[in-house]
$ cat data.csv   # CSV, N, CA and C atoms
chain,number,residue,atom,x,y,z
C,11,MET,N,138.9,51.3,102.0
C,11,MET,CA,138.5,50.0,102.0
C,11,MET,C,137.0,49.9,102.2
C,12,THR,N,136.3,49.1,101.5
C,12,THR,CA,134.9,48.8,101.7
C,12,THR,C,134.7,47.4,102.2
C,13,LEU,N,134.0,47.3,103.3
C,13,LEU,CA,133.7,46.0,103.9
C,13,LEU,C,132.2,45.7,103.6
C,14,LEU,N,131.9,44.6,102.9
C,14,LEU,CA,130.5,44.2,102.7
C,14,LEU,C,130.2,43.0,103.6
C,15,ILE,N,129.2,43.2,104.4
C,15,ILE,CA,128.8,42.2,105.4
C,15,ILE,C,128.1,41.0,104.9
C,16,GLU,N,127.1,41.3,104.0
C,16,GLU,CA,126.2,40.3,103.5
C,16,GLU,C,125.7,40.6,102.1
C,17,ASN,N,125.2,39.6,101.4
C,17,ASN,CA,124.6,39.8,100.1
C,17,ASN,C,123.1,39.8,100.3
C,18,ASN,N,122.3,39.8,99.2
C,18,ASN,CA,120.9,39.8,99.3
C,18,ASN,C,120.2,38.6,99.9
C,19,SER,N,121.0,37.5,100.1
C,19,SER,CA,120.5,36.3,100.7
C,19,SER,C,121.0,36.3,102.2
C,20,ARG,N,121.5,37.4,102.7
C,20,ARG,CA,122.0,37.5,104.1
C,20,ARG,C,123.2,36.5,104.4
C,21,GLN,N,124.0,36.3,103.3
C,21,GLN,CA,125.1,35.4,103.5
C,21,GLN,C,126.4,36.3,103.2
C,22,PRO,N,127.6,35.9,103.6
C,22,PRO,CA,128.8,36.6,103.2
C,22,PRO,C,128.9,36.7,101.7
C,23,PRO,N,129.3,37.8,101.2
C,23,PRO,CA,129.4,37.9,99.7
C,23,PRO,C,130.5,37.1,99.2
C,24,SER,N,130.3,36.6,97.9
C,24,SER,CA,131.3,35.8,97.2
C,24,SER,C,132.3,36.8,96.6
C,25,LEU,N,133.4,36.2,96.1
C,25,LEU,CA,134.3,37.0,95.3
C,25,LEU,C,133.7,37.7,94.1
C,26,GLU,N,132.8,36.9,93.4
C,26,GLU,CA,132.1,37.5,92.3
C,26,GLU,C,131.2,38.7,92.7
C,27,GLU,N,130.5,38.6,93.8
C,27,GLU,CA,129.7,39.7,94.3
C,27,GLU,C,130.5,40.9,94.7
C,28,LEU,N,131.7,40.6,95.3
C,28,LEU,CA,132.5,41.8,95.7
C,28,LEU,C,133.0,42.5,94.4
C,29,GLY,N,133.4,41.7,93.4
C,29,GLY,CA,133.8,42.3,92.1
C,29,GLY,C,132.7,43.1,91.4
C,30,LEU,N,131.5,42.5,91.5
C,30,LEU,CA,130.4,43.2,90.9
C,30,LEU,C,130.1,44.5,91.6
C,31,TRP,N,130.1,44.5,92.9
C,31,TRP,CA,129.9,45.7,93.7
C,31,TRP,C,131.0,46.8,93.3
C,32,ALA,N,132.2,46.4,93.2
C,32,ALA,CA,133.3,47.4,92.9
C,32,ALA,C,133.1,47.9,91.5
C,33,SER,N,132.7,47.0,90.5
C,33,SER,CA,132.6,47.5,89.1
C,33,SER,C,131.3,48.4,89.0
C,34,THR,N,130.2,48.0,89.7
C,34,THR,CA,129.0,48.8,89.6
C,34,THR,C,129.2,50.2,90.1
C,35,TYR,N,130.0,50.4,91.1
C,35,TYR,CA,130.1,51.7,91.7
C,35,TYR,C,131.5,52.4,91.4
C,36,GLY,N,132.2,51.8,90.5
C,36,GLY,CA,133.5,52.4,90.0
C,36,GLY,C,134.5,52.4,91.1
C,37,ILE,N,134.5,51.5,92.0
C,37,ILE,CA,135.4,51.5,93.2
C,37,ILE,C,136.8,50.9,92.7
C,38,THR,N,137.8,51.7,93.1
C,38,THR,CA,139.2,51.2,92.7
C,38,THR,C,140.0,50.8,94.0
C,39,HIS,N,139.4,51.0,95.2
C,39,HIS,CA,140.1,50.6,96.4
C,39,HIS,C,139.6,49.2,96.7
C,40,PRO,N,140.2,48.5,97.7
C,40,PRO,CA,139.8,47.1,98.0
C,40,PRO,C,138.4,47.1,98.5
C,41,VAL,N,137.7,46.0,98.0
C,41,VAL,CA,136.3,45.7,98.5
C,41,VAL,C,136.4,44.3,99.0
C,42,VAL,N,136.1,44.1,100.3
C,42,VAL,CA,136.3,42.8,100.9
C,42,VAL,C,135.1,42.4,101.7
C,43,ALA,N,135.0,41.0,101.9
C,43,ALA,CA,133.9,40.5,102.7
C,43,ALA,C,134.2,40.6,104.2
C,44,ASP,N,133.3,41.0,105.0
C,44,ASP,CA,133.4,41.1,106.4
C,44,ASP,C,132.3,40.2,106.9
C,45,ASN,N,132.7,38.9,107.0
C,45,ASN,CA,131.7,37.8,107.3
C,45,ASN,C,130.9,38.2,108.6
C,46,TYR,N,129.6,38.4,108.4
C,46,TYR,CA,128.7,38.7,109.6
C,46,TYR,C,129.2,39.9,110.4
C,47,GLY,N,129.9,40.8,109.8
C,47,GLY,CA,130.3,42.0,110.6
C,47,GLY,C,131.4,41.8,111.6
C,48,SER,N,132.1,40.8,111.5
C,48,SER,CA,133.1,40.5,112.6
C,48,SER,C,134.2,41.6,112.7
C,49,VAL,N,134.5,42.3,111.7
C,49,VAL,CA,135.4,43.4,111.8
C,49,VAL,C,134.6,44.7,112.1
C,50,LEU,N,133.5,45.0,111.4
C,50,LEU,CA,132.7,46.2,111.7
C,50,LEU,C,132.4,46.4,113.1
C,51,PHE,N,131.9,45.4,113.8
C,51,PHE,CA,131.4,45.5,115.2
C,51,PHE,C,132.6,45.8,116.2
C,52,ARG,N,133.8,45.7,115.7
C,52,ARG,CA,134.9,46.1,116.6
C,52,ARG,C,135.1,47.6,116.7
C,53,TYR,N,134.5,48.3,115.7
C,53,TYR,CA,134.7,49.7,115.6
C,53,TYR,C,133.4,50.6,115.8
C,54,VAL,N,132.4,50.0,116.3
C,54,VAL,CA,131.2,50.7,116.6
C,54,VAL,C,130.9,50.6,118.1
C,55,ASP,N,130.2,51.6,118.6
C,55,ASP,CA,129.7,51.5,120.0
C,55,ASP,C,128.4,50.9,120.1
C,56,GLY,N,128.2,49.8,120.8
C,56,GLY,CA,126.9,49.2,120.9
C,56,GLY,C,126.7,48.2,119.8
C,57,THR,N,125.5,47.9,119.5
C,57,THR,CA,125.1,46.9,118.5
C,57,THR,C,124.4,47.6,117.3
C,58,SER,N,124.1,48.9,117.4
C,58,SER,CA,123.4,49.5,116.3
C,58,SER,C,124.4,50.2,115.4
C,59,VAL,N,124.3,50.1,114.1
C,59,VAL,CA,125.2,50.7,113.2
C,59,VAL,C,124.4,51.5,112.1
C,60,GLY,N,124.9,52.7,111.9
C,60,GLY,CA,124.3,53.5,110.8
C,60,GLY,C,125.1,53.2,109.6
C,61,LEU,N,124.4,52.9,108.5
C,61,LEU,CA,125.1,52.5,107.3
C,61,LEU,C,125.0,53.6,106.2
C,62,PRO,N,126.1,53.9,105.5
C,62,PRO,CA,127.4,53.3,105.6
C,62,PRO,C,128.1,53.7,106.9
C,63,SER,N,128.8,52.8,107.5
C,63,SER,CA,129.5,53.1,108.7
C,63,SER,C,130.9,53.6,108.3
C,64,LYS,N,131.4,54.7,108.9
C,64,LYS,CA,132.7,55.3,108.5
C,64,LYS,C,133.6,55.3,109.7
C,65,THR,N,134.8,54.8,109.6
C,65,THR,CA,135.8,54.8,110.6
C,65,THR,C,137.1,55.2,110.0
C,66,ILE,N,137.8,56.1,110.7
C,66,ILE,CA,139.1,56.5,110.3
C,66,ILE,C,140.2,56.0,111.3
C,67,VAL,N,141.1,55.2,110.8
C,67,VAL,CA,142.2,54.7,111.7
C,67,VAL,C,143.5,55.4,111.2
C,68,GLU,N,144.2,56.0,112.1
C,68,GLU,CA,145.4,56.7,111.7
C,68,GLU,C,146.5,55.7,111.4
C,69,ALA,N,147.6,56.2,110.8
C,69,ALA,CA,148.7,55.3,110.4
C,69,ALA,C,149.3,54.5,111.6
C,70,GLY,N,149.3,55.0,112.8
C,70,GLY,CA,149.8,54.3,113.9
C,70,GLY,C,148.8,53.3,114.5
C,71,GLY,N,147.5,53.3,114.0
C,71,GLY,CA,146.6,52.4,114.5
C,71,GLY,C,145.5,52.9,115.4
C,72,ALA,N,145.7,54.2,115.9
C,72,ALA,CA,144.7,54.8,116.8
C,72,ALA,C,143.4,55.1,116.0
C,73,ILE,N,142.3,55.0,116.6
C,73,ILE,CA,141.0,55.3,115.9
C,73,ILE,C,140.7,56.8,116.0
C,74,VAL,N,140.6,57.5,114.9
C,74,VAL,CA,140.3,58.9,114.9
C,74,VAL,C,138.8,59.2,114.9
C,75,VAL,N,138.1,58.4,114.1
C,75,VAL,CA,136.6,58.5,114.0
C,75,VAL,C,136.1,57.1,114.1
C,76,ARG,N,135.1,56.9,115.0
C,76,ARG,CA,134.5,55.6,115.2
C,76,ARG,C,133.0,55.7,114.8
C,77,ASP,N,132.7,55.1,113.7
C,77,ASP,CA,131.3,55.1,113.2
C,77,ASP,C,130.6,56.4,113.2
C,78,GLY,N,131.3,57.4,112.6
C,78,GLY,CA,130.8,58.8,112.6
C,78,GLY,C,131.0,59.5,111.3
C,79,TYR,N,130.8,60.8,111.4
C,79,TYR,CA,131.0,61.7,110.3
C,79,TYR,C,132.4,61.8,109.9
C,80,VAL,N,132.7,61.7,108.6
C,80,VAL,CA,134.1,61.8,108.1
C,80,VAL,C,134.1,62.9,107.1
C,81,SER,N,134.8,64.0,107.4
C,81,SER,CA,134.9,65.1,106.4
C,81,SER,C,136.1,65.0,105.6
C,82,SER,N,136.2,65.8,104.5
C,82,SER,CA,137.4,65.8,103.7
C,82,SER,C,138.6,66.2,104.5
C,83,ALA,N,138.4,67.2,105.4
C,83,ALA,CA,139.5,67.7,106.2
C,83,ALA,C,140.1,66.6,107.1
C,84,ILE,N,139.2,65.7,107.7
C,84,ILE,CA,139.7,64.6,108.6
C,84,ILE,C,140.4,63.6,107.7
C,85,VAL,N,139.9,63.3,106.6
C,85,VAL,CA,140.6,62.3,105.7
C,85,VAL,C,142.0,62.9,105.3
C,86,GLU,N,142.1,64.1,104.9
C,86,GLU,CA,143.3,64.7,104.4
C,86,GLU,C,144.3,64.8,105.6
C,87,ALA,N,143.8,65.1,106.8
C,87,ALA,CA,144.7,65.3,108.0
C,87,ALA,C,145.3,63.9,108.4
C,88,ASN,N,144.7,62.8,108.0
C,88,ASN,CA,145.2,61.5,108.4
C,88,ASN,C,145.8,60.7,107.3
C,89,LEU,N,146.0,61.3,106.1
C,89,LEU,CA,146.8,60.7,105.0
C,89,LEU,C,148.2,60.5,105.5
C,90,PRO,N,148.8,59.4,105.1
C,90,PRO,CA,150.2,59.1,105.6
C,90,PRO,C,151.3,59.8,104.9
C,91,TYR,N,151.0,60.9,104.3
C,91,TYR,CA,152.1,61.6,103.6
C,91,TYR,C,152.2,63.0,104.1

$ encode --input "data.csv" --output "structure tokens"
Amino acid sequence: MTLLIENNSRQPPSLEELGLWASTYGITHPVVADNYGSVLFRYVDGTSVGLPSKTIVEAGGAIVVRDGYVSSAIVEANLPY
């Protein structure tokens, strides 16, 4: 899932902007608005965020990686199959 916090006008992105982002980058997974980072800031330590921010949440809901490096091995180890 991709969360977009703001557009070029520093406002939450519209549905059209989310669709444009997905089509521009060939994204097939959900791209959603995260108005003013209300979701993102739940998963980072402090108020500084390196972008893109990557968080892995396992199927049971526990956080595996919080705003950090995500390798292929970590992703594969946490796939729900």

$ select_by_dssp --input "data.csv" --residues "chain C" --states "alpha helix (DSSP H)" --output "list in words"
Leu25, Glu26, Glu27, Leu28, Gly29, Leu30, Trp31, Ala32, Ser33, Thr34, Tyr35, Ser82, Ala83, Ile84, Val85, Glu86 and Ala87 of chain C

$ write_last_selection --input "data.csv" --atoms "N, CA and C atoms" --output "PDB file, keeping the file's coordinate frame"
ATOM      1  N   LEU C  25     133.400  36.200  96.100  1.00  0.00           N
ATOM      2  CA  LEU C  25     134.300  37.000  95.300  1.00  0.00           C
ATOM      3  C   LEU C  25     133.700  37.700  94.100  1.00  0.00           C
ATOM      4  N   GLU C  26     132.800  36.900  93.400  1.00  0.00           N
ATOM      5  CA  GLU C  26     132.100  37.500  92.300  1.00  0.00           C
ATOM      6  C   GLU C  26     131.200  38.700  92.700  1.00  0.00           C
ATOM      7  N   GLU C  27     130.500  38.600  93.800  1.00  0.00           N
ATOM      8  CA  GLU C  27     129.700  39.700  94.300  1.00  0.00           C
ATOM      9  C   GLU C  27     130.500  40.900  94.700  1.00  0.00           C
ATOM     10  N   LEU C  28     131.700  40.600  95.300  1.00  0.00           N
ATOM     11  CA  LEU C  28     132.500  41.800  95.700  1.00  0.00           C
ATOM     12  C   LEU C  28     133.000  42.500  94.400  1.00  0.00           C
ATOM     13  N   GLY C  29     133.400  41.700  93.400  1.00  0.00           N
ATOM     14  CA  GLY C  29     133.800  42.300  92.100  1.00  0.00           C
ATOM     15  C   GLY C  29     132.700  43.100  91.400  1.00  0.00           C
ATOM     16  N   LEU C  30     131.500  42.500  91.500  1.00  0.00           N
ATOM     17  CA  LEU C  30     130.400  43.200  90.900  1.00  0.00           C
ATOM     18  C   LEU C  30     130.100  44.500  91.600  1.00  0.00           C
ATOM     19  N   TRP C  31     130.100  44.500  92.900  1.00  0.00           N
ATOM     20  CA  TRP C  31     129.900  45.700  93.700  1.00  0.00           C
ATOM     21  C   TRP C  31     131.000  46.800  93.300  1.00  0.00           C
ATOM     22  N   ALA C  32     132.200  46.400  93.200  1.00  0.00           N
ATOM     23  CA  ALA C  32     133.300  47.400  92.900  1.00  0.00           C
ATOM     24  C   ALA C  32     133.100  47.900  91.500  1.00  0.00           C
ATOM     25  N   SER C  33     132.700  47.000  90.500  1.00  0.00           N
ATOM     26  CA  SER C  33     132.600  47.500  89.100  1.00  0.00           C
ATOM     27  C   SER C  33     131.300  48.400  89.000  1.00  0.00           C
ATOM     28  N   THR C  34     130.200  48.000  89.700  1.00  0.00           N
ATOM     29  CA  THR C  34     129.000  48.800  89.600  1.00  0.00           C
ATOM     30  C   THR C  34     129.200  50.200  90.100  1.00  0.00           C
ATOM     31  N   TYR C  35     130.000  50.400  91.100  1.00  0.00           N
ATOM     32  CA  TYR C  35     130.100  51.700  91.700  1.00  0.00           C
ATOM     33  C   TYR C  35     131.500  52.400  91.400  1.00  0.00           C
ATOM     34  N   SER C  82     136.200  65.800 104.500  1.00  0.00           N
ATOM     35  CA  SER C  82     137.400  65.800 103.700  1.00  0.00           C
ATOM     36  C   SER C  82     138.600  66.200 104.500  1.00  0.00           C
ATOM     37  N   ALA C  83     138.400  67.200 105.400  1.00  0.00           N
ATOM     38  CA  ALA C  83     139.500  67.700 106.200  1.00  0.00           C
ATOM     39  C   ALA C  83     140.100  66.600 107.100  1.00  0.00           C
ATOM     40  N   ILE C  84     139.200  65.700 107.700  1.00  0.00           N
ATOM     41  CA  ILE C  84     139.700  64.600 108.600  1.00  0.00           C
ATOM     42  C   ILE C  84     140.400  63.600 107.700  1.00  0.00           C
ATOM     43  N   VAL C  85     139.900  63.300 106.600  1.00  0.00           N
ATOM     44  CA  VAL C  85     140.600  62.300 105.700  1.00  0.00           C
ATOM     45  C   VAL C  85     142.000  62.900 105.300  1.00  0.00           C
ATOM     46  N   GLU C  86     142.100  64.100 104.900  1.00  0.00           N
ATOM     47  CA  GLU C  86     143.300  64.700 104.400  1.00  0.00           C
ATOM     48  C   GLU C  86     144.300  64.800 105.600  1.00  0.00           C
ATOM     49  N   ALA C  87     143.800  65.100 106.800  1.00  0.00           N
ATOM     50  CA  ALA C  87     144.700  65.300 108.000  1.00  0.00           C
ATOM     51  C   ALA C  87     145.300  63.900 108.400  1.00  0.00           C
TER      52      ALA C  87
END

$ select_by_dssp --input "data.csv" --residues "chain C" --states "strand (DSSP E or B)" --output "ChimeraX atom specification"
/C:12-14,41-43,66-67,73-75

$ atom_distance --input "data.csv" --atom1 "CA of Ala87 in chain C" --atom2 "atom N of Ala69 in chain C"
10.0 Å

$ atom_distance --input "data.csv" --atom1 "CA of Asp77 in chain C" --atom2 "CA of Thr65 in chain C"
5.2 Å

$ atom_distance --input "data.csv" --atom1 "atom C of Leu89 in chain C" --atom2 "atom N of Gly70 in chain C"
9.2 Å

$ residues_around --input "data.csv" --residues "Gly29 in chain C" --least-positions-apart "5" --cutoff "9 Å" --atoms "only C-alpha atoms" --output "JSON, numbers by chain"
{"C": [24, 34, 41]}

$ closest_residue --input "data.csv" --among "C:Tyr79, C:Glu26, C:Asn88, C:Gly71" --to "Val42 in chain C" --atoms "only C-alpha atoms"
C:Glu26

$ closest_residue --input "data.csv" --among "C:Thr38, C:Ser81, C:Ser63, C:Asn45" --to "Glu16 in chain C" --atoms "only N, CA and C atoms"
C:Asn45

$ residues_around --input "data.csv" --residues "range 46-48 of chain C" --least-positions-apart "2" --cutoff "6.5 Å" --atoms "only N, CA and C atoms" --output "short mmCIF file (atom, residue, chain, number, x, y, z; two decimals) with N, CA and C atoms, in the coordinates of the input"
data_model
loop_
_atom_site.label_atom_id
_atom_site.label_comp_id
_atom_site.auth_asym_id
_atom_site.auth_seq_id
_atom_site.Cartn_x
_atom_site.Cartn_y
_atom_site.Cartn_z
N ILE C 15 129.20 43.20 104.40
CA ILE C 15 128.80 42.20 105.40
C ILE C 15 128.10 41.00 104.90
N GLU C 16 127.10 41.30 104.00
CA GLU C 16 126.20 40.30 103.50
C GLU C 16 125.70 40.60 102.10
N GLN C 21 124.00 36.30 103.30
CA GLN C 21 125.10 35.40 103.50
C GLN C 21 126.40 36.30 103.20
N PRO C 22 127.60 35.90 103.60
CA PRO C 22 128.80 36.60 103.20
C PRO C 22 128.90 36.70 101.70
N ASP C 44 133.30 41.00 105.00
CA ASP C 44 133.40 41.10 106.40
C ASP C 44 132.30 40.20 106.90
N LEU C 50 133.50 45.00 111.40
CA LEU C 50 132.70 46.20 111.70
C LEU C 50 132.40 46.40 113.10
N PHE C 51 131.90 45.40 113.80
CA PHE C 51 131.40 45.50 115.20
C PHE C 51 132.60 45.80 116.20
N ARG C 52 133.80 45.70 115.70
CA ARG C 52 134.90 46.10 116.60
C ARG C 52 135.10 47.60 116.70
#

$ build_atoms --input "data.csv" --residues "range 42-53 of chain C" --atoms "all heavy atoms" --output "PDB file, in the coordinates of the input"
ATOM      1  N   VAL C  42     136.100  44.100 100.300  1.00  0.00           N
ATOM      2  CA  VAL C  42     136.300  42.800 100.900  1.00  0.00           C
ATOM      3  C   VAL C  42     135.100  42.400 101.700  1.00  0.00           C
ATOM      4  O   VAL C  42     134.300  43.170 102.146  1.00  0.00           O
ATOM      5  CB  VAL C  42     137.582  42.788 101.873  1.00  0.00           C
ATOM      6  CG1 VAL C  42     138.852  43.092 101.101  1.00  0.00           C
ATOM      7  CG2 VAL C  42     137.414  43.795 103.001  1.00  0.00           C
ATOM      8  N   ALA C  43     135.000  41.000 101.900  1.00  0.00           N
ATOM      9  CA  ALA C  43     133.900  40.500 102.700  1.00  0.00           C
ATOM     10  C   ALA C  43     134.200  40.600 104.200  1.00  0.00           C
ATOM     11  O   ALA C  43     135.359  40.314 104.605  1.00  0.00           O
ATOM     12  CB  ALA C  43     133.670  39.028 102.334  1.00  0.00           C
ATOM     13  N   ASP C  44     133.300  41.000 105.000  1.00  0.00           N
ATOM     14  CA  ASP C  44     133.400  41.100 106.400  1.00  0.00           C
ATOM     15  C   ASP C  44     132.300  40.200 106.900  1.00  0.00           C
ATOM     16  O   ASP C  44     131.208  40.561 107.275  1.00  0.00           O
ATOM     17  CB  ASP C  44     133.173  42.518 106.918  1.00  0.00           C
ATOM     18  CG  ASP C  44     133.285  42.639 108.423  1.00  0.00           C
ATOM     19  OD1 ASP C  44     133.775  41.686 109.062  1.00  0.00           O
ATOM     20  OD2 ASP C  44     132.875  43.675 108.966  1.00  0.00           O
ATOM     21  N   ASN C  45     132.700  38.900 107.000  1.00  0.00           N
ATOM     22  CA  ASN C  45     131.700  37.800 107.300  1.00  0.00           C
ATOM     23  C   ASN C  45     130.900  38.200 108.600  1.00  0.00           C
ATOM     24  O   ASN C  45     131.498  38.163 109.690  1.00  0.00           O
ATOM     25  CB  ASN C  45     132.337  36.481 107.407  1.00  0.00           C
ATOM     26  CG  ASN C  45     132.889  36.032 106.072  1.00  0.00           C
ATOM     27  OD1 ASN C  45     132.580  36.616 105.036  1.00  0.00           O
ATOM     28  ND2 ASN C  45     133.711  35.015 106.080  1.00  0.00           N
ATOM     29  N   TYR C  46     129.600  38.400 108.400  1.00  0.00           N
ATOM     30  CA  TYR C  46     128.700  38.700 109.600  1.00  0.00           C
ATOM     31  C   TYR C  46     129.200  39.900 110.400  1.00  0.00           C
ATOM     32  O   TYR C  46     128.809  39.950 111.581  1.00  0.00           O
ATOM     33  CB  TYR C  46     128.519  37.420 110.398  1.00  0.00           C
ATOM     34  CG  TYR C  46     128.038  36.261 109.558  1.00  0.00           C
ATOM     35  CD1 TYR C  46     128.913  35.235 109.215  1.00  0.00           C
ATOM     36  CD2 TYR C  46     126.745  36.230 109.064  1.00  0.00           C
ATOM     37  CE1 TYR C  46     128.483  34.184 108.411  1.00  0.00           C
ATOM     38  CE2 TYR C  46     126.309  35.180 108.269  1.00  0.00           C
ATOM     39  CZ  TYR C  46     127.182  34.164 107.948  1.00  0.00           C
ATOM     40  OH  TYR C  46     126.752  33.133 107.141  1.00  0.00           O
ATOM     41  N   GLY C  47     129.900  40.800 109.800  1.00  0.00           N
ATOM     42  CA  GLY C  47     130.300  42.000 110.600  1.00  0.00           C
ATOM     43  C   GLY C  47     131.400  41.800 111.600  1.00  0.00           C
ATOM     44  O   GLY C  47     131.502  42.645 112.529  1.00  0.00           O
ATOM     45  N   SER C  48     132.100  40.800 111.500  1.00  0.00           N
ATOM     46  CA  SER C  48     133.100  40.500 112.600  1.00  0.00           C
ATOM     47  C   SER C  48     134.200  41.600 112.700  1.00  0.00           C
ATOM     48  O   SER C  48     134.659  41.800 113.844  1.00  0.00           O
ATOM     49  CB  SER C  48     133.823  39.136 112.323  1.00  0.00           C
ATOM     50  OG  SER C  48     134.525  39.166 111.093  1.00  0.00           O
ATOM     51  N   VAL C  49     134.500  42.300 111.700  1.00  0.00           N
ATOM     52  CA  VAL C  49     135.400  43.400 111.800  1.00  0.00           C
ATOM     53  C   VAL C  49     134.600  44.700 112.100  1.00  0.00           C
ATOM     54  O   VAL C  49     134.996  45.460 113.039  1.00  0.00           O
ATOM     55  CB  VAL C  49     136.188  43.634 110.473  1.00  0.00           C
ATOM     56  CG1 VAL C  49     137.019  44.901 110.522  1.00  0.00           C
ATOM     57  CG2 VAL C  49     137.066  42.422 110.210  1.00  0.00           C
ATOM     58  N   LEU C  50     133.500  45.000 111.400  1.00  0.00           N
ATOM     59  CA  LEU C  50     132.700  46.200 111.700  1.00  0.00           C
ATOM     60  C   LEU C  50     132.400  46.400 113.100  1.00  0.00           C
ATOM     61  O   LEU C  50     132.572  47.487 113.654  1.00  0.00           O
ATOM     62  CB  LEU C  50     131.462  46.144 110.826  1.00  0.00           C
ATOM     63  CG  LEU C  50     130.440  47.239 111.128  1.00  0.00           C
ATOM     64  CD1 LEU C  50     130.983  48.600 110.726  1.00  0.00           C
ATOM     65  CD2 LEU C  50     129.132  46.954 110.440  1.00  0.00           C
ATOM     66  N   PHE C  51     131.900  45.400 113.800  1.00  0.00           N
ATOM     67  CA  PHE C  51     131.400  45.500 115.200  1.00  0.00           C
ATOM     68  C   PHE C  51     132.600  45.800 116.200  1.00  0.00           C
ATOM     69  O   PHE C  51     132.298  46.126 117.303  1.00  0.00           O
ATOM     70  CB  PHE C  51     130.539  44.391 115.558  1.00  0.00           C
ATOM     71  CG  PHE C  51     129.198  44.486 114.885  1.00  0.00           C
ATOM     72  CD1 PHE C  51     128.847  43.605 113.884  1.00  0.00           C
ATOM     73  CD2 PHE C  51     128.309  45.505 115.206  1.00  0.00           C
ATOM     74  CE1 PHE C  51     127.616  43.710 113.240  1.00  0.00           C
ATOM     75  CE2 PHE C  51     127.083  45.628 114.563  1.00  0.00           C
ATOM     76  CZ  PHE C  51     126.747  44.720 113.586  1.00  0.00           C
ATOM     77  N   ARG C  52     133.800  45.700 115.700  1.00  0.00           N
ATOM     78  CA  ARG C  52     134.900  46.100 116.600  1.00  0.00           C
ATOM     79  C   ARG C  52     135.100  47.600 116.700  1.00  0.00           C
ATOM     80  O   ARG C  52     135.718  48.123 117.565  1.00  0.00           O
ATOM     81  CB  ARG C  52     136.239  45.497 116.094  1.00  0.00           C
ATOM     82  CG  ARG C  52     136.331  44.013 116.145  1.00  0.00           C
ATOM     83  CD  ARG C  52     137.690  43.573 115.636  1.00  0.00           C
ATOM     84  NE  ARG C  52     137.629  42.194 115.208  1.00  0.00           N
ATOM     85  CZ  ARG C  52     138.559  41.593 114.504  1.00  0.00           C
ATOM     86  NH1 ARG C  52     139.637  42.271 114.136  1.00  0.00           N
ATOM     87  NH2 ARG C  52     138.430  40.340 114.151  1.00  0.00           N
ATOM     88  N   TYR C  53     134.500  48.300 115.700  1.00  0.00           N
ATOM     89  CA  TYR C  53     134.700  49.700 115.600  1.00  0.00           C
ATOM     90  C   TYR C  53     133.400  50.600 115.800  1.00  0.00           C
ATOM     91  O   TYR C  53     133.372  51.708 115.373  1.00  0.00           O
ATOM     92  CB  TYR C  53     135.306  50.054 114.202  1.00  0.00           C
ATOM     93  CG  TYR C  53     136.661  49.424 114.062  1.00  0.00           C
ATOM     94  CD1 TYR C  53     136.821  48.199 113.419  1.00  0.00           C
ATOM     95  CD2 TYR C  53     137.777  50.018 114.623  1.00  0.00           C
ATOM     96  CE1 TYR C  53     138.061  47.598 113.312  1.00  0.00           C
ATOM     97  CE2 TYR C  53     139.024  49.429 114.526  1.00  0.00           C
ATOM     98  CZ  TYR C  53     139.154  48.216 113.872  1.00  0.00           C
ATOM     99  OH  TYR C  53     140.386  47.636 113.787  1.00  0.00           O
TER     100      TYR C  53
END
